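Raw contents of model03.cif, mmCIF, C-alpha atoms:
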data_final
#
loop_
_atom_site.group_PDB
_atom_site.id
_atom_site.type_symbol
_atom_site.label_atom_id
_atom_site.label_comp_id
_atom_site.auth_asym_id
_atom_site.auth_seq_id
_atom_site.Cartn_x
_atom_site.Cartn_y
_atom_site.Cartn_z
ATOM 1 C CA MET D 8 -184.366 201.176 -27.352
ATOM 2 C CA GLU D 9 -184.960 201.183 -23.598
ATOM 3 C CA THR D 10 -182.156 201.526 -21.076
ATOM 4 C CA TYR D 11 -181.880 199.867 -17.656
ATOM 5 C CA ALA D 12 -183.080 203.147 -16.145
ATOM 6 C CA GLY D 13 -186.058 203.346 -18.494
ATOM 7 C CA ILE D 14 -187.108 199.764 -17.819
ATOM 8 C CA ASN D 15 -186.723 200.362 -14.092
ATOM 9 C CA ARG D 16 -189.104 203.351 -14.251
ATOM 10 C CA LYS D 17 -191.595 201.303 -16.292
ATOM 11 C CA ILE D 18 -191.608 198.461 -13.751
ATOM 12 C CA ILE D 19 -191.973 200.808 -10.778
ATOM 13 C CA GLU D 20 -194.927 202.610 -12.348
ATOM 14 C CA ALA D 21 -196.629 199.337 -13.256
ATOM 15 C CA LEU D 22 -196.243 197.906 -9.744
ATOM 16 C CA LYS D 23 -197.400 201.164 -8.160
ATOM 17 C CA ASN D 24 -200.572 201.173 -10.245
ATOM 18 C CA THR D 25 -201.622 197.555 -9.794
ATOM 19 C CA THR D 26 -204.412 196.980 -7.277
ATOM 20 C CA LYS D 27 -203.543 193.323 -6.655
ATOM 21 C CA LEU D 28 -200.325 193.968 -4.728
ATOM 22 C CA SER D 29 -199.878 195.803 -1.447
ATOM 23 C CA LEU D 30 -196.266 196.917 -1.650
ATOM 24 C CA SER D 31 -194.511 199.941 -0.213
ATOM 25 C CA LEU D 32 -192.505 202.156 -2.555
ATOM 26 C CA GLU D 33 -189.279 200.716 -1.129
ATOM 27 C CA GLU D 34 -190.520 197.169 -1.772
ATOM 28 C CA ILE D 35 -191.504 198.136 -5.318
ATOM 29 C CA LYS D 36 -188.050 199.579 -6.024
ATOM 30 C CA LEU D 37 -186.428 196.447 -4.618
ATOM 31 C CA GLU D 38 -188.603 194.133 -6.698
ATOM 32 C CA SER D 39 -187.898 196.169 -9.832
ATOM 33 C CA ARG D 40 -184.167 195.736 -9.277
ATOM 34 C CA PHE D 41 -184.593 191.991 -8.630
ATOM 35 C CA ILE D 42 -186.597 191.563 -11.858
ATOM 36 C CA ILE D 43 -184.014 193.353 -13.994
ATOM 37 C CA GLN D 44 -181.065 191.581 -12.391
ATOM 38 C CA HIS D 45 -182.672 188.163 -12.792
ATOM 39 C CA ALA D 46 -183.815 188.692 -16.374
ATOM 40 C CA LEU D 47 -180.449 190.043 -17.511
ATOM 41 C CA GLY D 48 -178.293 187.822 -15.327
ATOM 42 C CA ILE D 49 -176.426 190.752 -13.806
ATOM 43 C CA SER D 50 -175.426 191.782 -10.293
ATOM 44 C CA GLN D 51 -176.606 194.831 -8.385
ATOM 45 C CA THR D 52 -173.219 196.447 -8.986
ATOM 46 C CA GLN D 53 -173.469 195.835 -12.731
ATOM 47 C CA LEU D 54 -176.971 197.278 -12.813
ATOM 48 C CA ILE D 55 -175.969 200.452 -10.974
ATOM 49 C CA SER D 56 -172.764 201.023 -12.934
ATOM 50 C CA ASN D 57 -174.509 200.468 -16.293
ATOM 51 C CA ILE D 58 -177.836 202.139 -15.528
ATOM 52 C CA ASN D 59 -177.943 203.841 -18.950
ATOM 53 C CA ALA D 60 -176.960 200.740 -20.923
ATOM 54 C CA PRO D 61 -179.452 199.659 -23.624
ATOM 55 C CA VAL D 62 -181.796 196.694 -23.228
ATOM 56 C CA ASN D 63 -182.484 194.724 -26.405
ATOM 57 C CA GLU D 64 -185.965 193.618 -27.486
ATOM 58 C CA GLU D 65 -185.534 190.032 -26.274
ATOM 59 C CA GLU D 66 -184.388 191.162 -22.830
ATOM 60 C CA GLU D 67 -187.225 193.684 -22.568
ATOM 61 C CA ALA D 68 -189.775 191.027 -23.533
ATOM 62 C CA LEU D 69 -188.457 188.713 -20.782
ATOM 63 C CA ILE D 70 -188.584 191.520 -18.207
ATOM 64 C CA LEU D 71 -192.157 192.431 -19.148
ATOM 65 C CA SER D 72 -193.184 188.766 -19.043
ATOM 66 C CA ILE D 73 -191.890 188.499 -15.469
ATOM 67 C CA LEU D 74 -193.593 191.783 -14.606
ATOM 68 C CA ARG D 75 -196.986 190.557 -15.863
ATOM 69 C CA ARG D 76 -196.720 187.435 -13.721
ATOM 70 C CA ARG D 77 -195.762 189.512 -10.689
ATOM 71 C CA MET D 78 -198.662 191.910 -11.276
ATOM 72 C CA ASP D 79 -200.902 188.836 -11.177
ATOM 73 C CA GLN D 80 -199.623 188.234 -7.618
ATOM 74 C CA GLU D 81 -197.237 185.375 -8.376
ATOM 75 C CA PRO D 82 -194.328 185.580 -5.885
ATOM 76 C CA LEU D 83 -190.942 186.432 -7.373
ATOM 77 C CA PRO D 84 -189.180 183.367 -5.912
ATOM 78 C CA TYR D 85 -191.634 181.090 -7.734
ATOM 79 C CA ILE D 86 -191.206 183.068 -10.959
ATOM 80 C CA PHE D 87 -187.417 183.009 -10.689
ATOM 81 C CA ARG D 88 -187.369 179.438 -9.340
ATOM 82 C CA GLU D 89 -184.665 180.592 -6.937
ATOM 83 C CA TRP D 90 -184.168 182.962 -4.000
ATOM 84 C CA SER D 91 -181.402 184.253 -1.771
ATOM 85 C CA PHE D 92 -180.901 182.993 1.774
ATOM 86 C CA TYR D 93 -177.973 183.580 4.122
ATOM 87 C CA GLY D 94 -175.865 184.963 1.287
ATOM 88 C CA ARG D 95 -176.473 182.035 -1.058
ATOM 89 C CA THR D 96 -178.906 181.287 -3.860
ATOM 90 C CA PHE D 97 -181.287 178.361 -3.409
ATOM 91 C CA LYS D 98 -183.588 176.669 -5.886
ATOM 92 C CA VAL D 99 -187.279 177.021 -5.045
ATOM 93 C CA ASN D 100 -190.433 175.413 -6.441
ATOM 94 C CA PRO D 101 -194.095 176.322 -5.797
ATOM 95 C CA HIS D 102 -194.578 173.244 -3.591
ATOM 96 C CA VAL D 103 -192.280 174.514 -0.819
ATOM 97 C CA LEU D 104 -192.163 177.603 1.373
ATOM 98 C CA ILE D 105 -190.310 180.647 0.118
ATOM 99 C CA PRO D 106 -187.044 181.242 2.038
ATOM 100 C CA ARG D 107 -187.342 184.267 4.327
ATOM 101 C CA ALA D 108 -184.818 186.397 6.148
ATOM 102 C CA ASP D 109 -186.557 185.674 9.475
ATOM 103 C CA THR D 110 -185.282 182.089 9.274
ATOM 104 C CA GLU D 111 -181.702 183.347 9.224
ATOM 105 C CA THR D 112 -182.191 183.916 12.969
ATOM 106 C CA LEU D 113 -182.574 180.147 13.355
ATOM 107 C CA ILE D 114 -179.287 179.656 11.505
ATOM 108 C CA GLU D 115 -177.380 182.254 13.529
ATOM 109 C CA ILE D 116 -178.532 180.929 16.899
ATOM 110 C CA ALA D 117 -177.855 177.302 15.980
ATOM 111 C CA LEU D 118 -174.381 178.092 14.642
ATOM 112 C CA SER D 119 -173.533 179.742 17.948
ATOM 113 C CA LYS D 120 -173.952 176.311 19.607
ATOM 114 C CA ILE D 121 -172.232 174.249 16.898
ATOM 115 C CA LYS D 122 -168.471 174.524 17.260
ATOM 116 C CA THR D 123 -166.585 174.848 13.980
ATOM 117 C CA HIS D 124 -163.964 172.201 14.720
ATOM 118 C CA ASP D 125 -166.224 169.580 16.307
ATOM 119 C CA HIS D 126 -168.205 166.795 14.649
ATOM 120 C CA TYR D 127 -171.950 167.052 15.268
ATOM 121 C CA ASP D 128 -174.881 164.956 14.094
ATOM 122 C CA ILE D 129 -177.543 167.464 13.078
ATOM 123 C CA LEU D 130 -181.176 167.077 11.990
ATOM 124 C CA ASP D 131 -183.206 169.476 9.836
ATOM 125 C CA LEU D 132 -186.772 168.429 10.592
ATOM 126 C CA GLY D 133 -189.283 169.298 7.849
ATOM 127 C CA CYS D 134 -186.603 170.597 5.507
ATOM 128 C CA GLY D 135 -188.735 172.029 2.656
ATOM 129 C CA THR D 136 -186.234 173.647 0.277
ATOM 130 C CA GLY D 137 -183.366 172.403 2.424
ATOM 131 C CA ILE D 138 -182.114 175.916 3.150
ATOM 132 C CA ILE D 139 -181.663 175.295 6.874
ATOM 133 C CA GLY D 140 -179.840 171.978 6.786
ATOM 134 C CA ILE D 141 -177.750 172.780 3.721
ATOM 135 C CA THR D 142 -176.708 176.158 5.102
ATOM 136 C CA ILE D 143 -175.678 174.538 8.387
ATOM 137 C CA ALA D 144 -173.787 171.835 6.466
ATOM 138 C CA LEU D 145 -171.912 174.435 4.439
ATOM 139 C CA GLU D 146 -171.087 176.526 7.495
ATOM 140 C CA ARG D 147 -170.028 173.500 9.570
ATOM 141 C CA PRO D 148 -168.433 171.091 7.059
ATOM 142 C CA LEU D 149 -167.104 168.707 9.748
ATOM 143 C CA SER D 150 -170.632 167.958 10.942
ATOM 144 C CA LYS D 151 -173.126 165.561 9.345
ATOM 145 C CA VAL D 152 -176.595 166.882 8.583
ATOM 146 C CA THR D 153 -179.709 164.770 7.987
ATOM 147 C CA LEU D 154 -182.620 166.511 6.264
ATOM 148 C CA VAL D 155 -186.111 164.979 6.399
ATOM 149 C CA ASP D 156 -189.545 165.908 5.068
ATOM 150 C CA GLN D 157 -192.750 163.999 4.415
ATOM 151 C CA SER D 158 -193.316 165.799 1.094
ATOM 152 C CA GLU D 159 -191.828 164.255 -2.049
ATOM 153 C CA HIS D 160 -191.777 167.738 -3.632
ATOM 154 C CA ALA D 161 -189.712 169.004 -0.705
ATOM 155 C CA ILE D 162 -187.324 166.063 -0.905
ATOM 156 C CA GLN D 163 -186.747 166.685 -4.611
ATOM 157 C CA ASN D 164 -186.216 170.409 -4.041
ATOM 158 C CA THR D 165 -183.739 169.683 -1.238
ATOM 159 C CA LYS D 166 -181.842 167.233 -3.443
ATOM 160 C CA GLU D 167 -181.672 169.886 -6.154
ATOM 161 C CA ASN D 168 -180.124 172.325 -3.691
ATOM 162 C CA GLN D 169 -177.778 169.660 -2.359
ATOM 163 C CA SER D 170 -176.491 169.138 -5.900
ATOM 164 C CA PHE D 171 -176.470 172.857 -6.712
ATOM 165 C CA HIS D 172 -174.245 173.633 -3.720
ATOM 166 C CA GLN D 173 -172.217 170.417 -4.100
ATOM 167 C CA VAL D 174 -172.584 169.740 -0.398
ATOM 168 C CA THR D 175 -171.235 166.342 0.649
ATOM 169 C CA ASN D 176 -171.956 166.147 4.388
ATOM 170 C CA THR D 177 -175.733 165.797 4.060
ATOM 171 C CA THR D 178 -178.210 162.899 3.960
ATOM 172 C CA ILE D 179 -181.745 163.444 2.672
ATOM 173 C CA GLN D 180 -184.537 161.138 3.762
ATOM 174 C CA LYS D 181 -188.301 161.046 3.349
ATOM 175 C CA SER D 182 -189.877 160.912 6.806
ATOM 176 C CA ASP D 183 -193.034 162.113 8.515
ATOM 177 C CA TRP D 184 -191.187 163.951 11.273
ATOM 178 C CA PHE D 185 -189.274 161.243 13.207
ATOM 179 C CA SER D 186 -191.081 158.189 11.789
ATOM 180 C CA ALA D 187 -188.267 156.905 9.532
ATOM 181 C CA LEU D 188 -185.355 157.742 11.840
ATOM 182 C CA ASP D 189 -185.507 154.571 13.968
ATOM 183 C CA GLN D 190 -183.266 155.042 17.022
ATOM 184 C CA THR D 191 -180.949 157.619 15.473
ATOM 185 C CA ARG D 192 -179.978 160.420 17.849
ATOM 186 C CA PHE D 193 -178.656 163.898 17.113
ATOM 187 C CA ASP D 194 -176.612 166.566 18.873
ATOM 188 C CA VAL D 195 -178.638 169.369 17.312
ATOM 189 C CA MET D 196 -182.137 169.501 15.834
ATOM 190 C CA LEU D 197 -183.582 172.431 13.923
ATOM 191 C CA SER D 198 -187.091 172.931 12.594
ATOM 192 C CA ASN D 199 -189.214 175.576 10.944
ATOM 193 C CA PRO D 200 -192.492 173.655 11.205
ATOM 194 C CA PRO D 201 -196.022 174.757 10.262
ATOM 195 C CA TYR D 202 -197.192 177.090 13.018
ATOM 196 C CA LEU D 203 -200.278 178.958 11.776
ATOM 197 C CA GLU D 204 -203.847 178.292 12.892
ATOM 198 C CA ASP D 205 -206.404 177.001 10.386
ATOM 199 C CA ASN D 206 -208.011 180.436 10.029
ATOM 200 C CA ASP D 207 -204.976 182.643 10.585
ATOM 201 C CA PRO D 208 -205.530 186.000 8.824
ATOM 202 C CA HIS D 209 -201.940 185.954 7.530
ATOM 203 C CA LEU D 210 -202.968 183.188 5.109
ATOM 204 C CA SER D 211 -204.787 185.790 2.996
ATOM 205 C CA GLN D 212 -202.041 188.397 3.308
ATOM 206 C CA GLY D 213 -199.446 187.261 0.799
ATOM 207 C CA LEU D 214 -199.267 183.536 1.563
ATOM 208 C CA GLU D 215 -201.959 182.437 -0.898
ATOM 209 C CA ASP D 216 -199.509 180.800 -3.322
ATOM 210 C CA GLU D 217 -197.524 178.848 -0.750
ATOM 211 C CA PRO D 218 -198.321 175.235 0.254
ATOM 212 C CA LEU D 219 -200.922 175.166 3.011
ATOM 213 C CA ASP D 220 -199.549 172.048 4.691
ATOM 214 C CA ALA D 221 -196.209 173.804 5.222
ATOM 215 C CA LEU D 222 -197.940 176.773 6.870
ATOM 216 C CA VAL D 223 -200.898 175.461 8.870
ATOM 217 C CA SER D 224 -200.470 173.179 11.851
ATOM 218 C CA GLY D 225 -204.077 172.791 12.977
ATOM 219 C CA PRO D 226 -206.786 174.539 15.005
ATOM 220 C CA THR D 227 -204.343 176.057 17.511
ATOM 221 C CA GLY D 228 -201.229 176.448 15.353
ATOM 222 C CA ILE D 229 -198.975 174.588 17.817
ATOM 223 C CA GLU D 230 -199.852 170.990 16.975
ATOM 224 C CA ALA D 231 -196.654 170.350 14.999
ATOM 225 C CA ILE D 232 -194.490 172.225 17.500
ATOM 226 C CA GLN D 233 -195.909 170.254 20.415
ATOM 227 C CA TYR D 234 -195.339 166.966 18.585
ATOM 228 C CA ILE D 235 -191.718 167.880 17.843
ATOM 229 C CA ILE D 236 -190.912 168.951 21.399
ATOM 230 C CA GLU D 237 -192.501 165.821 22.901
ATOM 231 C CA ASN D 238 -190.914 163.346 20.472
ATOM 232 C CA ALA D 239 -187.497 164.926 19.973
ATOM 233 C CA LYS D 240 -186.540 163.540 23.384
ATOM 234 C CA ASN D 241 -186.353 160.080 21.803
ATOM 235 C CA HIS D 242 -183.861 161.237 19.178
ATOM 236 C CA ILE D 243 -181.649 163.725 20.994
ATOM 237 C CA LYS D 244 -178.245 162.948 22.460
ATOM 238 C CA PRO D 245 -177.416 163.888 26.073
ATOM 239 C CA SER D 246 -177.117 167.674 26.316
ATOM 240 C CA GLY D 247 -178.399 168.036 22.757
ATOM 241 C CA TRP D 248 -180.121 171.186 21.506
ATOM 242 C CA LEU D 249 -183.516 171.668 19.861
ATOM 243 C CA PHE D 250 -184.152 174.917 17.939
ATOM 244 C CA ILE D 251 -187.637 175.798 16.692
ATOM 245 C CA GLU D 252 -188.793 178.736 14.596
ATOM 246 C CA HIS D 253 -192.326 179.861 15.476
ATOM 247 C CA GLY D 254 -194.957 182.566 15.201
ATOM 248 C CA TYR D 255 -194.649 186.068 16.621
ATOM 249 C CA ASN D 256 -196.981 185.277 19.552
ATOM 250 C CA GLN D 257 -195.876 181.732 20.431
ATOM 251 C CA ALA D 258 -192.651 182.209 22.404
ATOM 252 C CA ILE D 259 -194.320 181.847 25.808
ATOM 253 C CA ILE D 260 -196.207 178.760 24.648
ATOM 254 C CA LEU D 261 -192.977 177.127 23.490
ATOM 255 C CA LYS D 262 -191.191 177.978 26.719
ATOM 256 C CA ASP D 263 -193.992 176.291 28.636
ATOM 257 C CA LEU D 264 -193.902 173.195 26.385
ATOM 258 C CA PHE D 265 -190.141 172.907 26.753
ATOM 259 C CA GLU D 266 -190.415 173.160 30.543
ATOM 260 C CA LYS D 267 -193.193 170.573 30.751
ATOM 261 C CA ASN D 268 -191.101 168.135 28.730
ATOM 262 C CA GLY D 269 -188.002 168.424 30.885
ATOM 263 C CA TYR D 270 -185.821 170.651 28.705
ATOM 264 C CA GLN D 271 -183.393 173.091 30.293
ATOM 265 C CA HIS D 272 -181.553 176.301 29.378
ATOM 266 C CA ILE D 273 -184.614 177.565 27.484
ATOM 267 C CA GLU D 274 -184.033 180.780 25.539
ATOM 268 C CA ASN D 275 -185.765 182.988 22.951
ATOM 269 C CA ALA D 276 -184.174 184.863 20.065
ATOM 270 C CA LYS D 277 -185.573 187.809 18.108
ATOM 271 C CA ASP D 278 -185.623 188.099 14.320
ATOM 272 C CA ILE D 279 -184.574 191.127 12.229
ATOM 273 C CA HIS D 280 -187.883 192.795 13.069
ATOM 274 C CA GLY D 281 -187.387 192.480 16.828
ATOM 275 C CA VAL D 282 -189.975 189.703 17.127
ATOM 276 C CA HIS D 283 -189.350 186.558 19.179
ATOM 277 C CA ARG D 284 -188.939 184.081 16.321
ATOM 278 C CA VAL D 285 -186.860 181.183 17.682
ATOM 279 C CA THR D 286 -187.061 179.295 20.966
ATOM 280 C CA PHE D 287 -184.415 176.731 21.824
ATOM 281 C CA ALA D 288 -183.469 174.472 24.704
ATOM 282 C CA GLN D 289 -181.177 171.677 25.844
ATOM 283 C CA TYR D 290 -182.267 168.217 26.904
ATOM 284 C CA SER D 291 -180.917 165.599 29.331
ATOM 285 C CA ILE D 292 -178.082 167.612 30.839
ATOM 286 C CA VAL D 293 -175.223 165.403 32.090
#

Show how you would write the structure in this file as structure tokens.
Amino acid sequence: METYAGINRKIIEALKNTTKLSLSLEEIKLESRFIIQHALGISQTQLISNINAPVNEEEEALILSILRRRMDQEPLPYIFREWSFYGRTFKVNPHVLIPRADTETLIEIALSKIKTHDHYDILDLGCGTGIIGITIALERPLSKVTLVDQSEHAIQNTKENQSFHQVTNTTIQKSDWFSALDQTRFDVMLSNPPYLEDNDPHLSQGLEDEPLDALVSGPTGIEAIQYIIENAKNHIKPSGWLFIEHGYNQAIILKDLFEKNGYQHIENAKDIHGVHRVTFAQYSIV
């Protein structure tokens, strides 16, 4: 009978030898741990402290089933149907983007402008899994958060996460950007919109399984961003903030768009890799 340690070695060797994945040794070790933890329903601490514990045949079969799917390039979050973001677990389906640590920068910067004891009206624009809006709602329970997306799959995934986290200060609405919001205005808007070009090389570098319409904006990659910046002015309260996550090379473009549309206090923020990932600004200063 295999032990945790034995299974771990087996997974690492299998992932190292597959030609379909381009993973570093550190990434392989991390994925091996994730697979074991998920399959056995144990924490990292439990895995480490019981590394020589036996794995029964049913558990080993489940682990190897996950491994085969991963070796066929299926992303772990889609296999697990869940992923971690900002210290919480969120449900994920193959019709929405996988939560990534880079987006935590958007959360951190926005929270720095949302006071804990004040009541804000907040909009998560193009919510996908709902990780942004739901995280903000959980971190700022006195505020009200509206989450919108034009995709029915995204709306259903967001509702699943709303229920999973039992969050009560959120409203979920199907909307193509601002189209269904009428004259509603918000103190804070956040968005992680599509920002890749049609032929961006990153699309063939690990993004093949993710929904194209959540990744690609158009020929230039800034079509969605430009639309948001131009139209947010009709839905933002005086001195309200707009936060946008974007590509590694788009910070200057966003700064220019914000300036042209009359926003003030424009700033950039770097992600965990030191890349400018979020640009934000304030509108209609009074």

Next item on the list: Determine the residue set returned by the PyMOL selection byres ((chain D and resi 152-164) around 6) for the present structure, and present it as number ranges by chain.
Entry: D: 129-136, 151, 165-167, 177-183

Note to self: Ranking D:Leu30, D:Ile251, D:Met78, D:Ile232 by minimum distance to Ser198 in chain D and counting only C-alpha atoms, which one comes first?
What the structure shows: D:Ile251

Report, as JSON, the axis-aligned box around all atoms of range 204-223 of chain D present in the file, extended by 6 Å on each side; give centre and edge lengths in Å to one decimal place.
{"center_x": -202.1, "center_y": 180.2, "center_z": 4.8, "size_x": 23.8, "size_y": 28.3, "size_z": 28.2}

Item checked: Contacts of Ile141 in chain D within 8 Å, only C-alpha atoms, excl. fewer than 3 positions in-chain, as JSON, numbers by chain -> {"D": [137, 138, 144, 145, 152, 168, 169, 174, 177]}

Check: Taking into account only C-alpha atoms, which residue in the set D:Phe41, D:Tyr11, D:Tyr270, D:Phe265 is nearest to Pro245 in chain D?
Finding: D:Tyr270

Checklist line | All residues 10 Å or closer to Thr112 in chain D, only C-alpha atoms, same chain fewer than 5 positions away omitted, as a list in words | finding: Tyr93, Ala117, Leu118, Glu252, Ala276, Lys277, Asp278, Ile279, His283, Arg284 and Val285 of chain D

Determine the residue membership of the PyMOL selection byres ((chain D and resi 235-239) around 8) for the file above and supply it as a PDB file with C-alpha atoms, in the coordinates of the input.
ATOM      1  CA  TRP D 184    -191.187 163.951  11.273  1.00  0.00           C
ATOM      2  CA  PHE D 185    -189.274 161.243  13.207  1.00  0.00           C
ATOM      3  CA  ALA D 231    -196.654 170.350  14.999  1.00  0.00           C
ATOM      4  CA  ILE D 232    -194.490 172.225  17.500  1.00  0.00           C
ATOM      5  CA  GLN D 233    -195.909 170.254  20.415  1.00  0.00           C
ATOM      6  CA  TYR D 234    -195.339 166.966  18.585  1.00  0.00           C
ATOM      7  CA  LYS D 240    -186.540 163.540  23.384  1.00  0.00           C
ATOM      8  CA  ASN D 241    -186.353 160.080  21.803  1.00  0.00           C
ATOM      9  CA  HIS D 242    -183.861 161.237  19.178  1.00  0.00           C
ATOM     10  CA  ILE D 243    -181.649 163.725  20.994  1.00  0.00           C
ATOM     11  CA  LEU D 249    -183.516 171.668  19.861  1.00  0.00           C
ATOM     12  CA  LEU D 264    -193.902 173.195  26.385  1.00  0.00           C
ATOM     13  CA  PHE D 265    -190.141 172.907  26.753  1.00  0.00           C
ATOM     14  CA  ASN D 268    -191.101 168.135  28.730  1.00  0.00           C
TER      15      ASN D 268
END

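With CA of Ser291 in chain D on one side and CA of Ile139 in chain D on the other, the separation reads 24.5 Å.
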